[in-house]
>>> print(open('model-v3.txt').read())   # compact mmCIF, C-alpha atoms
# COMPACT_ATOMS: atom_id res chain seq x y z
CA MET G 1383 -8.07 7.99 -43.07
CA THR G 1384 -5.41 5.69 -41.62
CA THR G 1385 -1.89 6.43 -42.70
CA SER G 1386 0.42 3.64 -43.88
CA ALA G 1387 3.57 5.50 -42.83
CA PRO G 1388 5.19 4.75 -39.44
CA ILE G 1389 4.26 7.15 -36.63
CA ARG G 1390 6.46 8.19 -33.72
CA LEU G 1391 4.93 9.04 -30.37
CA ARG G 1392 6.70 10.26 -27.23
CA VAL G 1393 4.96 9.65 -23.90
CA PHE G 1394 5.93 11.22 -20.57
CA SER G 1395 4.86 10.03 -17.10
CA LEU G 1396 5.58 11.53 -13.68
CA ASN G 1397 4.25 11.30 -10.15
CA CYS G 1398 4.45 15.01 -9.26
CA TRP G 1399 4.09 14.71 -5.46
CA GLY G 1400 1.91 17.79 -5.51
CA ILE G 1401 0.45 18.06 -2.00
CA ARG G 1402 0.01 21.79 -1.48
CA TYR G 1403 1.43 23.15 1.78
CA LEU G 1404 2.87 19.71 2.64
CA SER G 1405 5.13 18.73 -0.26
CA LYS G 1406 8.48 20.53 -0.25
CA ASN G 1407 9.08 23.16 -2.95
CA CYS G 1408 5.69 22.33 -4.46
CA ARG G 1409 5.11 25.55 -6.40
CA GLU G 1410 8.70 25.77 -7.64
CA ARG G 1411 8.63 22.15 -8.79
CA PHE G 1412 5.39 22.58 -10.76
CA ASP G 1413 6.94 25.58 -12.49
CA LEU G 1414 9.98 23.46 -13.37
CA ILE G 1415 7.79 20.57 -14.55
CA GLY G 1416 6.00 23.00 -16.86
CA ASP G 1417 9.35 24.21 -18.23
CA LEU G 1418 10.45 20.61 -18.81
CA LEU G 1419 7.27 19.71 -20.70
CA ASN G 1420 7.54 22.83 -22.86
CA GLN G 1421 11.17 22.09 -23.74
CA GLU G 1422 10.82 18.37 -24.50
CA PRO G 1423 9.35 17.27 -27.87
CA LEU G 1424 6.59 15.20 -26.26
CA ASP G 1425 3.19 14.15 -27.56
CA ILE G 1426 1.44 13.07 -24.35
CA ALA G 1427 2.17 13.84 -20.68
CA LEU G 1428 0.59 11.62 -18.02
CA LEU G 1429 0.78 13.16 -14.56
CA GLN G 1430 -0.13 11.75 -11.16
CA GLU G 1431 -0.52 13.40 -7.74
CA VAL G 1432 -1.62 16.76 -9.11
CA TRP G 1433 -3.87 16.89 -6.08
CA CYS G 1434 -4.83 20.57 -6.30
CA GLU G 1435 -6.86 21.70 -9.31
CA LYS G 1436 -5.14 25.10 -9.10
CA ASP G 1437 -1.86 23.39 -9.97
CA PHE G 1438 -3.51 21.74 -12.97
CA LEU G 1439 -4.88 25.07 -14.13
CA PHE G 1440 -1.44 26.60 -13.67
CA LEU G 1441 0.10 23.90 -15.89
CA LYS G 1442 -2.75 24.18 -18.39
CA LYS G 1443 -2.07 27.89 -18.81
CA LYS G 1444 1.70 27.41 -18.95
CA LEU G 1445 1.52 24.52 -21.45
CA GLY G 1446 -1.39 25.76 -23.56
CA GLY G 1447 0.80 26.82 -26.48
CA VAL G 1448 2.45 23.40 -26.80
CA TYR G 1449 -0.24 21.06 -25.46
CA PRO G 1450 -3.56 22.59 -26.48
CA PHE G 1451 -5.58 19.62 -25.19
CA SER G 1452 -5.76 18.54 -21.57
CA HIS G 1453 -8.03 16.81 -19.09
CA TYR G 1454 -8.15 16.67 -15.28
CA PHE G 1455 -9.82 13.65 -13.66
CA LYS G 1456 -11.85 14.55 -10.58
CA SER G 1457 -12.56 11.93 -7.92
CA GLY G 1458 -12.79 11.46 -4.16
CA PHE G 1459 -12.53 14.17 -1.53
CA ILE G 1460 -9.37 15.86 -2.80
CA GLY G 1461 -9.30 14.47 -6.35
CA SER G 1462 -7.69 11.58 -8.19
CA GLY G 1463 -4.53 13.58 -8.89
CA LEU G 1464 -4.56 12.38 -12.52
CA ALA G 1465 -4.04 14.75 -15.45
CA VAL G 1466 -3.31 14.39 -19.18
CA PHE G 1467 -1.74 16.93 -21.53
CA SER G 1468 -1.67 16.20 -25.25
CA ARG G 1469 -0.64 17.70 -28.57
CA HIS G 1470 -3.39 15.62 -30.17
CA ARG G 1471 -7.09 16.29 -29.72
CA ILE G 1472 -8.67 14.37 -26.84
CA ARG G 1473 -11.84 12.93 -28.35
CA ASP G 1474 -13.24 11.35 -25.21
CA ALA G 1475 -12.39 10.80 -21.55
CA PHE G 1476 -13.60 8.47 -18.84
CA LEU G 1477 -12.73 7.75 -15.20
CA TYR G 1478 -13.13 4.56 -13.19
CA ARG G 1479 -12.67 4.82 -9.43
CA TYR G 1480 -11.32 1.75 -7.65
CA SER G 1481 -13.73 0.06 -5.25
CA LEU G 1482 -11.08 -0.29 -2.52
CA ASN G 1483 -8.51 2.32 -1.61
CA GLY G 1484 -7.25 2.10 1.93
CA TYR G 1485 -8.94 3.04 5.21
CA PRO G 1486 -10.45 6.40 6.22
CA TYR G 1487 -9.06 6.19 9.76
CA MET G 1488 -5.49 5.91 8.39
CA ALA G 1489 -5.43 9.66 7.86
CA GLN G 1490 -1.63 9.82 8.01
CA HIS G 1491 -1.48 7.84 4.75
CA GLY G 1492 -4.24 9.77 3.02
CA ASP G 1493 -4.87 7.35 0.13
CA TRP G 1494 -8.55 6.91 0.99
CA PHE G 1495 -9.19 10.64 0.65
CA GLY G 1496 -7.53 10.78 -2.77
CA GLY G 1497 -10.02 8.64 -4.64
CA LYS G 1498 -7.44 6.55 -6.54
CA ALA G 1499 -8.66 5.72 -10.02
CA VAL G 1500 -7.75 5.02 -13.64
CA GLY G 1501 -8.40 7.67 -16.25
CA LYS G 1502 -8.74 7.04 -19.97
CA VAL G 1503 -8.53 9.36 -22.96
CA LEU G 1504 -9.15 8.49 -26.60
CA LEU G 1505 -6.87 9.96 -29.26
CA ASN G 1506 -6.85 9.69 -33.02
CA ILE G 1507 -3.27 9.89 -34.28
CA GLY G 1508 -2.73 9.49 -38.00
CA GLY G 1509 -6.04 7.66 -38.28
CA LEU G 1510 -5.12 5.21 -35.50
CA ASN G 1511 -7.32 4.80 -32.44
CA VAL G 1512 -4.95 5.24 -29.50
CA HIS G 1513 -6.36 4.45 -26.05
CA VAL G 1514 -4.27 6.08 -23.32
CA PHE G 1515 -4.68 5.19 -19.64
CA VAL G 1516 -3.19 6.91 -16.59
CA THR G 1517 -3.44 5.55 -13.06
CA HIS G 1518 -2.07 5.67 -9.53
CA LEU G 1519 -2.48 2.68 -7.21
CA HIS G 1520 -2.39 2.52 -3.42
CA ALA G 1521 1.03 3.09 -1.88
CA GLU G 1522 3.07 0.38 -0.15
CA TYR G 1523 4.08 1.70 3.27
CA CYS G 1524 5.61 -1.46 4.75
CA ARG G 1525 6.64 -4.36 2.54
CA GLU G 1526 7.04 -6.84 5.42
CA LYS G 1527 3.59 -6.12 6.90
CA ASP G 1528 1.64 -4.78 3.95
CA SER G 1529 -1.94 -4.45 5.18
CA TYR G 1530 -2.88 -2.76 1.90
CA LEU G 1531 -1.80 -5.64 -0.37
CA PRO G 1532 -5.34 -7.03 -0.86
CA HIS G 1533 -6.51 -3.54 -1.84
CA ARG G 1534 -3.68 -3.15 -4.34
CA VAL G 1535 -4.41 -6.60 -5.82
CA VAL G 1536 -8.08 -5.65 -6.21
CA GLN G 1537 -7.04 -2.39 -7.87
CA ALA G 1538 -4.75 -4.28 -10.28
CA TRP G 1539 -7.61 -6.67 -11.06
CA GLU G 1540 -10.04 -3.84 -11.73
CA LEU G 1541 -7.40 -2.01 -13.79
CA GLN G 1542 -6.81 -4.96 -16.11
CA GLN G 1543 -10.56 -5.48 -16.45
CA PHE G 1544 -11.11 -1.83 -17.27
CA ILE G 1545 -8.36 -1.89 -19.92
CA ARG G 1546 -9.55 -5.13 -21.53
CA HIS G 1547 -13.23 -4.25 -21.60
CA THR G 1548 -12.80 -0.70 -22.89
CA SER G 1549 -10.11 -1.27 -25.53
CA ALA G 1550 -11.93 -3.52 -27.97
CA GLY G 1551 -11.54 -1.04 -30.83
CA ALA G 1552 -8.05 0.18 -30.02
CA ASP G 1553 -5.19 0.07 -32.49
CA VAL G 1554 -2.74 1.01 -29.74
CA VAL G 1555 -3.04 0.82 -25.94
CA ILE G 1556 -0.74 2.79 -23.63
CA LEU G 1557 -0.78 2.78 -19.83
CA GLY G 1558 1.34 5.12 -17.74
CA GLY G 1559 1.45 5.81 -14.05
CA ASP G 1560 2.65 5.00 -10.56
CA LEU G 1561 1.61 1.40 -9.87
CA ASN G 1562 3.41 1.28 -6.50
CA MET G 1563 4.44 -2.30 -7.33
CA HIS G 1564 7.76 -3.87 -8.23
CA PRO G 1565 8.09 -5.54 -11.66
CA ASP G 1566 7.68 -9.06 -10.24
CA ASP G 1567 4.98 -8.24 -7.70
CA LEU G 1568 1.67 -10.08 -7.88
CA GLY G 1569 -0.35 -7.09 -9.09
CA THR G 1570 2.13 -6.25 -11.85
CA ARG G 1571 2.18 -9.84 -13.13
CA LEU G 1572 -1.61 -9.98 -13.01
CA LEU G 1573 -1.92 -6.77 -15.02
CA ARG G 1574 0.66 -7.65 -17.66
CA ASN G 1575 -0.26 -11.32 -18.13
CA TYR G 1576 -3.98 -10.64 -18.41
CA THR G 1577 -3.83 -7.65 -20.75
CA GLY G 1578 -0.76 -8.58 -22.78
CA LEU G 1579 0.76 -5.16 -22.11
CA LEU G 1580 4.52 -4.91 -22.61
CA ASP G 1581 6.94 -3.10 -20.29
CA SER G 1582 8.74 -0.28 -22.08
CA PHE G 1583 11.81 -0.80 -19.86
CA SER G 1584 12.14 -4.43 -20.95
CA GLU G 1585 11.28 -3.75 -24.60
CA ALA G 1586 13.21 -0.51 -25.19
CA ALA G 1587 15.94 -0.65 -27.82
CA LYS G 1588 17.84 2.09 -25.95
CA PHE G 1589 17.74 3.10 -22.30
CA ASP G 1590 19.19 6.13 -20.56
CA GLY G 1591 18.42 6.69 -16.92
CA CYS G 1592 18.80 5.47 -13.38
CA GLU G 1593 20.32 2.07 -12.71
CA GLU G 1594 17.91 -0.78 -13.54
CA GLY G 1595 15.26 1.77 -14.46
CA PHE G 1596 14.68 2.83 -10.84
CA THR G 1597 12.07 5.56 -10.45
CA HIS G 1598 12.22 5.83 -6.65
CA ILE G 1599 15.85 6.27 -5.56
CA SER G 1600 17.61 6.80 -2.24
CA GLU G 1601 19.60 9.76 -3.62
CA ASN G 1602 16.37 11.74 -3.93
CA PRO G 1603 16.21 14.22 -0.98
CA PHE G 1604 12.40 13.89 -0.83
CA THR G 1605 12.35 10.11 -0.22
CA HIS G 1606 12.66 8.04 2.94
CA THR G 1607 15.75 5.94 2.27
CA ASP G 1608 15.16 3.26 4.95
CA GLY G 1609 12.72 1.29 2.83
CA LEU G 1610 14.97 1.43 -0.25
CA VAL G 1611 18.18 0.06 1.30
CA PRO G 1612 17.17 -3.64 0.95
CA PHE G 1613 16.63 -3.08 -2.79
CA GLY G 1614 20.01 -1.62 -3.61
CA GLY G 1615 19.01 2.00 -3.11
CA GLY G 1616 16.08 2.13 -5.51
CA VAL G 1617 12.93 0.50 -6.84
CA ARG G 1618 11.04 0.61 -10.11
CA ILE G 1619 7.37 1.35 -9.39
CA ASP G 1620 6.48 3.76 -12.23
CA TYR G 1621 5.74 2.30 -15.65
CA ILE G 1622 4.80 3.00 -19.24
CA LEU G 1623 3.20 -0.14 -20.67
CA PHE G 1624 2.00 -0.60 -24.24
CA LYS G 1625 0.37 -2.98 -26.69
CA GLY G 1626 -0.29 -2.97 -30.40
CA SER G 1627 -3.01 -4.75 -32.36
CA GLY G 1628 -3.56 -6.95 -35.37
CA GLU G 1629 -3.28 -3.84 -37.53
CA VAL G 1630 -0.47 -1.95 -35.82
CA GLU G 1631 2.92 -3.12 -34.63
CA VAL G 1632 4.27 -1.07 -31.73
CA SER G 1633 7.93 -0.98 -30.75
CA CYS G 1634 9.62 1.01 -28.00
CA GLU G 1635 12.54 2.81 -29.60
CA SER G 1636 13.88 4.33 -26.39
CA LEU G 1637 13.17 4.92 -22.71
CA CYS G 1638 14.81 7.45 -20.42
CA THR G 1639 14.35 8.69 -16.87
CA THR G 1640 15.36 11.84 -15.06
CA LYS G 1641 18.38 11.49 -12.82
CA GLY G 1642 18.00 13.29 -9.53
CA PRO G 1643 18.14 17.09 -9.15
CA VAL G 1644 16.92 19.52 -11.81
CA PRO G 1645 19.90 21.09 -13.60
CA GLY G 1646 20.77 24.29 -11.75
CA GLN G 1647 18.52 23.46 -8.78
CA PRO G 1648 19.23 21.74 -5.44
CA PHE G 1649 16.09 19.58 -5.65
CA PRO G 1650 14.51 17.21 -8.23
CA TYR G 1651 11.19 17.50 -10.06
CA SER G 1652 9.50 15.16 -7.57
CA ASP G 1653 10.13 12.33 -5.13
CA HIS G 1654 9.80 10.04 -8.18
CA GLU G 1655 11.83 10.08 -11.38
CA ALA G 1656 10.04 10.89 -14.63
CA LEU G 1657 9.76 8.45 -17.54
CA THR G 1658 9.84 9.28 -21.26
CA ALA G 1659 9.20 6.54 -23.81
CA GLU G 1660 9.40 6.89 -27.59
CA PHE G 1661 7.21 4.51 -29.59
CA LEU G 1662 7.10 3.62 -33.26
CA PHE G 1663 3.71 2.64 -34.71
CA THR G 1664 3.97 0.61 -37.91
CA PRO G 1665 0.64 -0.19 -39.60
CA THR G 1666 0.66 -3.85 -40.61
CA LYS G 1667 -1.59 -6.85 -40.80
CA LYS G 1668 0.62 -8.77 -38.39
CA GLY G 1669 0.98 -6.56 -35.35
CA ASN G 1670 2.25 -7.55 -31.93
CA GLY G 1671 -1.18 -7.18 -30.36
CA CYS G 1672 -4.18 -9.46 -30.50
CA LYS G 1673 -7.37 -9.40 -32.53
CA GLU G 1674 -9.23 -11.20 -29.75
CA ARG G 1675 -7.75 -8.72 -27.23
CA GLU G 1676 -8.41 -11.17 -24.47
CA TYR G 1677 -6.14 -12.82 -21.87
CA GLY G 1678 -3.03 -11.36 -23.48
CA CYS G 1679 -3.63 -13.58 -26.57
CA ILE G 1680 -0.58 -15.81 -25.95
CA PRO G 1681 -1.77 -19.41 -25.40
CA GLU G 1682 1.62 -20.50 -24.02
CA LYS G 1683 1.16 -18.04 -21.15
CA LEU G 1684 -2.24 -19.39 -20.05
CA PRO G 1685 -0.82 -21.76 -17.36
CA GLU G 1686 1.23 -18.88 -15.93
CA LEU G 1687 -1.84 -16.66 -15.96
CA VAL G 1688 -3.87 -19.33 -14.14
CA ASN G 1689 -1.21 -19.51 -11.44
CA THR G 1690 -1.15 -15.72 -11.14
CA VAL G 1691 -4.94 -15.48 -10.80
CA ASN G 1692 -4.90 -18.29 -8.24
CA GLU G 1693 -2.27 -16.43 -6.25
CA ALA G 1694 -4.29 -13.21 -6.47
CA ARG G 1695 -7.45 -15.02 -5.40
CA THR G 1696 -5.63 -16.41 -2.35
CA GLU G 1697 -4.47 -12.92 -1.39
CA VAL G 1698 -8.01 -11.58 -1.78
CA LYS G 1699 -9.31 -14.37 0.46
CA VAL G 1700 -6.75 -13.43 3.12
CA GLY G 1701 -7.92 -9.82 2.92
CA LEU G 1702 -11.55 -10.97 3.09
CA HIS G 1703 -10.87 -12.98 6.24
CA CYS G 1704 -9.20 -9.97 7.91
CA SER G 1705 -12.01 -7.65 6.84
CA GLU G 1706 -14.71 -9.98 8.21
CA ARG G 1707 -12.83 -10.24 11.50
CA MET G 1708 -12.60 -6.44 11.75
CA ARG G 1709 -16.31 -6.13 10.96
CA HIS G 1710 -17.15 -8.55 13.78
CA THR G 1711 -14.90 -6.59 16.14
CA ALA G 1712 -16.69 -3.36 15.19
CA ALA G 1713 -20.07 -5.02 15.75
CA ARG G 1714 -19.12 -6.33 19.19
CA THR G 1715 -17.69 -2.96 20.23
CA GLY G 1716 -20.85 -1.26 18.97
CA VAL G 1717 -23.05 -3.59 21.02
CA MET G 1718 -20.99 -2.80 24.13
CA GLY G 1719 -21.38 0.93 23.46
CA LEU G 1720 -25.13 0.47 22.99
CA VAL G 1721 -25.46 -1.45 26.26
CA LEU G 1722 -23.56 1.26 28.14
CA LEU G 1723 -25.73 3.94 26.55
CA VAL G 1724 -28.91 2.09 27.57
CA LEU G 1725 -27.61 1.81 31.13
CA GLU G 1726 -26.91 5.55 31.10
CA LEU G 1727 -30.48 6.23 29.99
CA ALA G 1728 -31.84 3.88 32.65
CA ILE G 1729 -29.86 5.69 35.36
CA ALA G 1730 -31.05 9.02 34.02
CA ALA G 1731 -34.66 7.82 34.26
CA VAL G 1732 -34.38 6.93 37.97
CA PRO G 1733 -35.34 10.42 39.23
CA LEU G 1734 -38.39 10.42 36.95
CA PHE G 1735 -39.88 7.27 38.48
CA ALA G 1736 -38.66 7.74 42.04
CA LEU G 1737 -39.94 11.07 43.24
CA GLY G 1738 -37.47 12.91 45.39
CA ALA G 1739 -34.58 10.68 44.41
CA GLU G 1740 -31.42 12.43 43.40
CA GLN G 1741 -29.04 11.59 40.54
CA PRO G 1742 -26.52 9.10 41.99
CA PHE G 1743 -23.67 10.39 39.77
CA PRO G 1744 -22.23 13.86 39.30
CA LYS G 1745 -23.85 15.47 36.29
CA ALA G 1746 -20.57 16.37 34.58
CA SER G 1747 -19.27 12.79 34.78
CA PHE G 1748 -22.67 11.43 33.77
CA TYR G 1749 -22.87 13.60 30.64
CA LEU G 1750 -19.24 12.93 29.74
CA LEU G 1751 -19.76 9.17 29.98
CA GLY G 1752 -22.93 9.44 27.91
CA ALA G 1753 -21.14 11.42 25.20
CA LEU G 1754 -18.35 8.84 25.18
CA CYS G 1755 -20.81 5.96 24.78
CA PHE G 1756 -22.57 7.77 21.95
CA ALA G 1757 -19.24 8.49 20.21
CA VAL G 1758 -18.22 4.81 20.50
CA LEU G 1759 -21.59 3.72 19.11
CA LEU G 1760 -21.42 6.14 16.19
CA SER G 1761 -17.78 5.31 15.36
CA THR G 1762 -18.33 1.57 15.42
CA LEU G 1763 -21.44 1.97 13.26
CA MET G 1764 -19.42 3.85 10.64
CA LEU G 1765 -16.65 1.25 10.83
CA TYR G 1766 -19.17 -1.57 10.49
CA ILE G 1767 -20.60 0.07 7.36
CA PHE G 1768 -17.12 0.60 5.91
CA TYR G 1769 -15.99 -2.98 6.59
CA SER G 1770 -19.25 -4.32 5.16
CA MET G 1771 -18.52 -2.42 1.95
CA GLU G 1772 -14.96 -3.77 1.95
CA VAL G 1773 -16.22 -7.33 2.47
CA LYS G 1774 -18.63 -7.03 -0.45
CA ALA G 1775 -15.92 -5.59 -2.72
CA LEU G 1776 -13.51 -8.42 -1.83
CA GLN G 1777 -16.25 -11.03 -2.23
CA GLY G 1778 -17.17 -9.60 -5.62
CA THR G 1779 -13.55 -9.67 -6.78
CA GLU G 1780 -13.10 -13.23 -5.52
CA ASP G 1781 -16.24 -14.32 -7.42
CA GLN G 1782 -14.94 -12.67 -10.60
CA MET G 1783 -11.59 -14.42 -10.21
CA ARG G 1784 -13.33 -17.75 -9.76
CA LEU G 1785 -15.25 -17.26 -13.00
CA ALA G 1786 -12.08 -16.14 -14.78
CA LEU G 1787 -10.20 -19.23 -13.60
CA SER G 1788 -12.96 -21.48 -14.88
CA SER G 1789 -12.79 -19.81 -18.28
CA LEU G 1790 -8.99 -19.95 -18.41
CA GLN G 1791 -8.97 -23.65 -17.52
CA GLU G 1792 -11.42 -24.32 -20.34
CA ARG G 1793 -9.08 -22.54 -22.74
CA ILE G 1794 -6.15 -24.62 -21.51
CA LYS G 1795 -8.16 -27.79 -22.24
CA GLU G 1796 -8.82 -26.56 -25.78
CA TYR G 1797 -5.26 -25.40 -26.38
CA PRO G 1798 -3.61 -28.85 -26.79
CA LYS G 1799 -6.04 -29.55 -29.63
CA VAL G 1800 -4.98 -26.35 -31.35
CA LEU G 1801 -1.32 -27.12 -30.69
CA SER G 1802 -1.68 -30.63 -32.13
CA ALA G 1803 -3.41 -29.27 -35.23
CA ASP G 1804 -0.69 -26.66 -35.72
CA HIS G 1805 2.02 -29.28 -35.22
CA LEU G 1806 0.36 -31.58 -37.75
CA GLN G 1807 0.03 -28.74 -40.26
CA ASN G 1808 3.71 -27.81 -39.79
CA SER G 1809 4.71 -31.42 -40.36
CA LEU G 1810 2.67 -31.60 -43.57
CA ASP G 1811 4.19 -28.34 -44.77
CA SER G 1812 7.67 -29.71 -44.08
CA LYS G 1813 6.94 -32.89 -46.01
CA ASP G 1814 5.55 -30.88 -48.94
CA SER G 1815 8.64 -28.69 -49.04
CA VAL G 1816 10.91 -31.77 -48.97
CA HIS G 1817 8.89 -33.38 -51.77
CA LEU G 1818 9.19 -30.27 -53.87
>>> encode(input="model-v3.txt", output="structure tokens")
Amino acid sequence: MTTSAPIRLRVFSLNCWGIRYLSKNCRERFDLIGDLLNQEPLDIALLQEVWCEKDFLFLKKKLGGVYPFSHYFKSGFIGSGLAVFSRHRIRDAFLYRYSLNGYPYMAQHGDWFGGKAVGKVLLNIGGLNVHVFVTHLHAEYCREKDSYLPHRVVQAWELQQFIRHTSAGADVVILGGDLNMHPDDLGTRLLRNYTGLLDSFSEAAKFDGCEEGFTHISENPFTHTDGLVPFGGGVRIDYILFKGSGEVEVSCESLCTTKGPVPGQPFPYSDHEALTAEFLFTPTKKGNGCKEREYGCIPEKLPELVNTVNEARTEVKVGLHCSERMRHTAARTGVMGLVLLVLELAIAAVPLFALGAEQPFPKASFYLLGALCFAVLLSTLMLYIFYSMEVKALQGTEDQMRLALSSLQERIKEYPKVLSADHLQNSLDSKDSVHL
């Protein structure tokens, strides 16, 4: 039974930077994160970069008395790093893994091994269907030469599709996580404009935290400050986004962030600052969401959305061109390795057909060269397969964007008719009121 009384919900989000044996003070920080969650009157905690399942189990045991319901999303080689803790029963959970997530040979970055994804849990709070999403997108390692931008745009596209297509029956939608994008970046605009999700930082009635809502600050001892200097010593890349529906109006009463070191400790909870948003759900027939739940439901924003999708499609095409070029390079290198290997085999066959002839090369050098040719052939084959998969993923996304643009342009053509009808109706209403 749906309640008619307003409901308050407090949501917490933190990128925990939990790489065991590599992250500094990892065990101590997880213990402090558990203490923080136990002390704060929260309803839902959305965690990212809990890479080791042992750390999740540690938190689950520590938080079991306060958050009896939890879920850990497993994906990729080392996991998705996503976890949810809730005071409310988790009725269902689902994971979608992004089709593109970096390159396996960029081992120093490690994103490919993490299996970046978006996790979803369904909650029933006071009779309201609350769909909660948690995600972590590919990191930005160099803003000037961002080779991962097409991947992040594809991830943002798939994220907005996943949210739109799985939230048809939602009264409230909440997304929390590390998007690794600035507020005005292409992927952020694509996500917000298409889904109609609102930024809790922009909508909050009260804010208490780092300057301009920064969640990645230069004062943090775990961060590399060089990349933050051009942005005034901090960036905002972690978000809690939300949306109501035709039946529920959602307002963000407050938003706060942690501010550097843990009280009484020389280090902070993570290399990111934590976010805590307090929402007020007011059941009504005129909510701030959308009954259609499509394209953000604001007709005035359709031209802006078309421009954003066009920009995203252009970026995907750039990534597609680079990927096709790399695939051709891998193919050519593989052919060269194959030719060298065939020559090696031909030289090895000389003594078999010429009786008494000796091997013209030293055996050690011959075998070493053969092993090298085989390694080149195998490596380029794996790279060719990987780049072929990347090409298909980018082509698929570009095709989807083309279809979406066609649909959006059709809606824009229909919109002036609706606007004219509304304007006419408003004029008639004004005349009636004057007559009365």
>>> closest_residue(input="model-v3.txt", among="G:Ile1426, G:Ser1529, G:Tyr1478, G:Gly1628", to="Thr1666 of chain G", atoms="only C-alpha atoms")
G:Gly1628
>>> residues_around(input="model-v3.txt", residues="Val1717 of chain G", least_positions_apart="2", cutoff="12 Å", atoms="all atoms listed in the file", output="list in words")
His1710, Thr1711, Ala1712, Ala1713, Arg1714, Thr1715, Gly1719, Leu1720, Val1721, Leu1722, Leu1723, Val1724, Cys1755, Phe1756, Val1758, Leu1759, Leu1760, Ser1761, Thr1762, Leu1763 and Tyr1766 of chain G
>>> closest_atom_pairs(input="model-v3.txt", of="segment 1510-1564 of chain G", to="segment 1622-1627 of chain G", cutoff="6 Å", atoms="all atoms listed in the file", output="CSV")
residue,atom,partner,partner_atom,distance
G:Asp1553,CA,G:Ser1627,CA,5.3
G:Val1554,CA,G:Gly1626,CA,4.7
G:Val1555,CA,G:Lys1625,CA,5.2
G:Ile1556,CA,G:Phe1624,CA,4.4
G:Leu1557,CA,G:Leu1623,CA,5.0
G:Gly1558,CA,G:Ile1622,CA,4.3
>>> write_last_selection(input="model-v3.txt", atoms="C-alpha atoms", output="mmCIF file, in the frame of the given file")
data_model
loop_
_atom_site.group_PDB
_atom_site.id
_atom_site.type_symbol
_atom_site.label_atom_id
_atom_site.label_comp_id
_atom_site.auth_asym_id
_atom_site.auth_seq_id
_atom_site.Cartn_x
_atom_site.Cartn_y
_atom_site.Cartn_z
ATOM 1 C CA ASP G 1553 -5.190 0.070 -32.490
ATOM 2 C CA VAL G 1554 -2.740 1.010 -29.740
ATOM 3 C CA VAL G 1555 -3.040 0.820 -25.940
ATOM 4 C CA ILE G 1556 -0.740 2.790 -23.630
ATOM 5 C CA LEU G 1557 -0.780 2.780 -19.830
ATOM 6 C CA GLY G 1558 1.340 5.120 -17.740
#
>>> atom_distance(input="model-v3.txt", atom1="atom CA of Arg1695 of chain G", atom2="atom CA of Arg1534 of chain G")
12.5 Å
>>> closest_residue(input="model-v3.txt", among="G:Ile1794, G:Cys1638, G:Pro1681, G:Gly1609", to="Glu1526 of chain G", atoms="only C-alpha atoms")
G:Gly1609
>>> closest_residue(input="model-v3.txt", among="G:Cys1704, G:Tyr1576, G:Gln1542, G:Thr1597", to="Met1563 of chain G", atoms="only C-alpha atoms")
G:Thr1597
>>> atom_distance(input="model-v3.txt", atom1="atom CA of Thr1607 of chain G", atom2="atom CA of Pro1645 of chain G")
22.3 Å
>>> closest_residue(input="model-v3.txt", among="G:Thr1570, G:Ser1386, G:Leu1396, G:Leu1754", to="Thr1639 of chain G", atoms="only C-alpha atoms")
G:Leu1396
>>> closest_residue(input="model-v3.txt", among="G:Glu1660, G:Arg1525, G:Ala1586, G:Lys1406", to="Phe1613 of chain G", atoms="all atoms listed in the file")
G:Arg1525
>>> atom_distance(input="model-v3.txt", atom1="atom CA of Trp1399 of chain G", atom2="atom CA of Leu1504 of chain G")
25.7 Å
>>> residues_around(input="model-v3.txt", residues="Ala1694 of chain G", least_positions_apart="4", cutoff="9 Å", atoms="only C-alpha atoms", output="ChimeraX atom specification")
/G:1532,1535-1536,1539,1568-1569,1572,1689-1690,1698-1699,1780,1783
>>> residues_around(input="model-v3.txt", residues="Lys1442 of chain G", least_positions_apart="4", cutoff="12 Å", atoms="only C-alpha atoms", output="number ranges by chain")
G: 1412-1413, 1415-1416, 1419-1420, 1427, 1432, 1435-1438, 1446-1454, 1465-1468
>>> closest_residue(input="model-v3.txt", among="G:Leu1790, G:His1518, G:His1564, G:Glu1585", to="Asn1692 of chain G", atoms="all atoms listed in the file")
G:Leu1790
>>> residues_around(input="model-v3.txt", residues="segment 1389-1395 of chain G", least_positions_apart="6", cutoff="8 Å", atoms="all atoms listed in the file", output="MDAnalysis selection string")
chainID G and resid 1423:1430 1508 1558:1559 1621:1622 1656:1664
>>> residues_near_point(input="model-v3.txt", point="(19.1, 11.0, -11.0)", cutoff="10 Å", atoms="only C-alpha atoms", output="list of chain:residue names")
G:Gly1591, G:Cys1592, G:Glu1593, G:Phe1596, G:Thr1597, G:His1598, G:Ile1599, G:Ser1600, G:Glu1601, G:Asn1602, G:Thr1639, G:Thr1640, G:Lys1641, G:Gly1642, G:Pro1643, G:Val1644, G:Pro1650, G:His1654, G:Glu1655, G:Ala1656
>>> residues_around(input="model-v3.txt", residues="Ser1705 of chain G", least_positions_apart="4", cutoff="8 Å", atoms="all atoms listed in the file", output="PyMOL selection string")
chain G and resi 1701+1709+1769+1772-1773
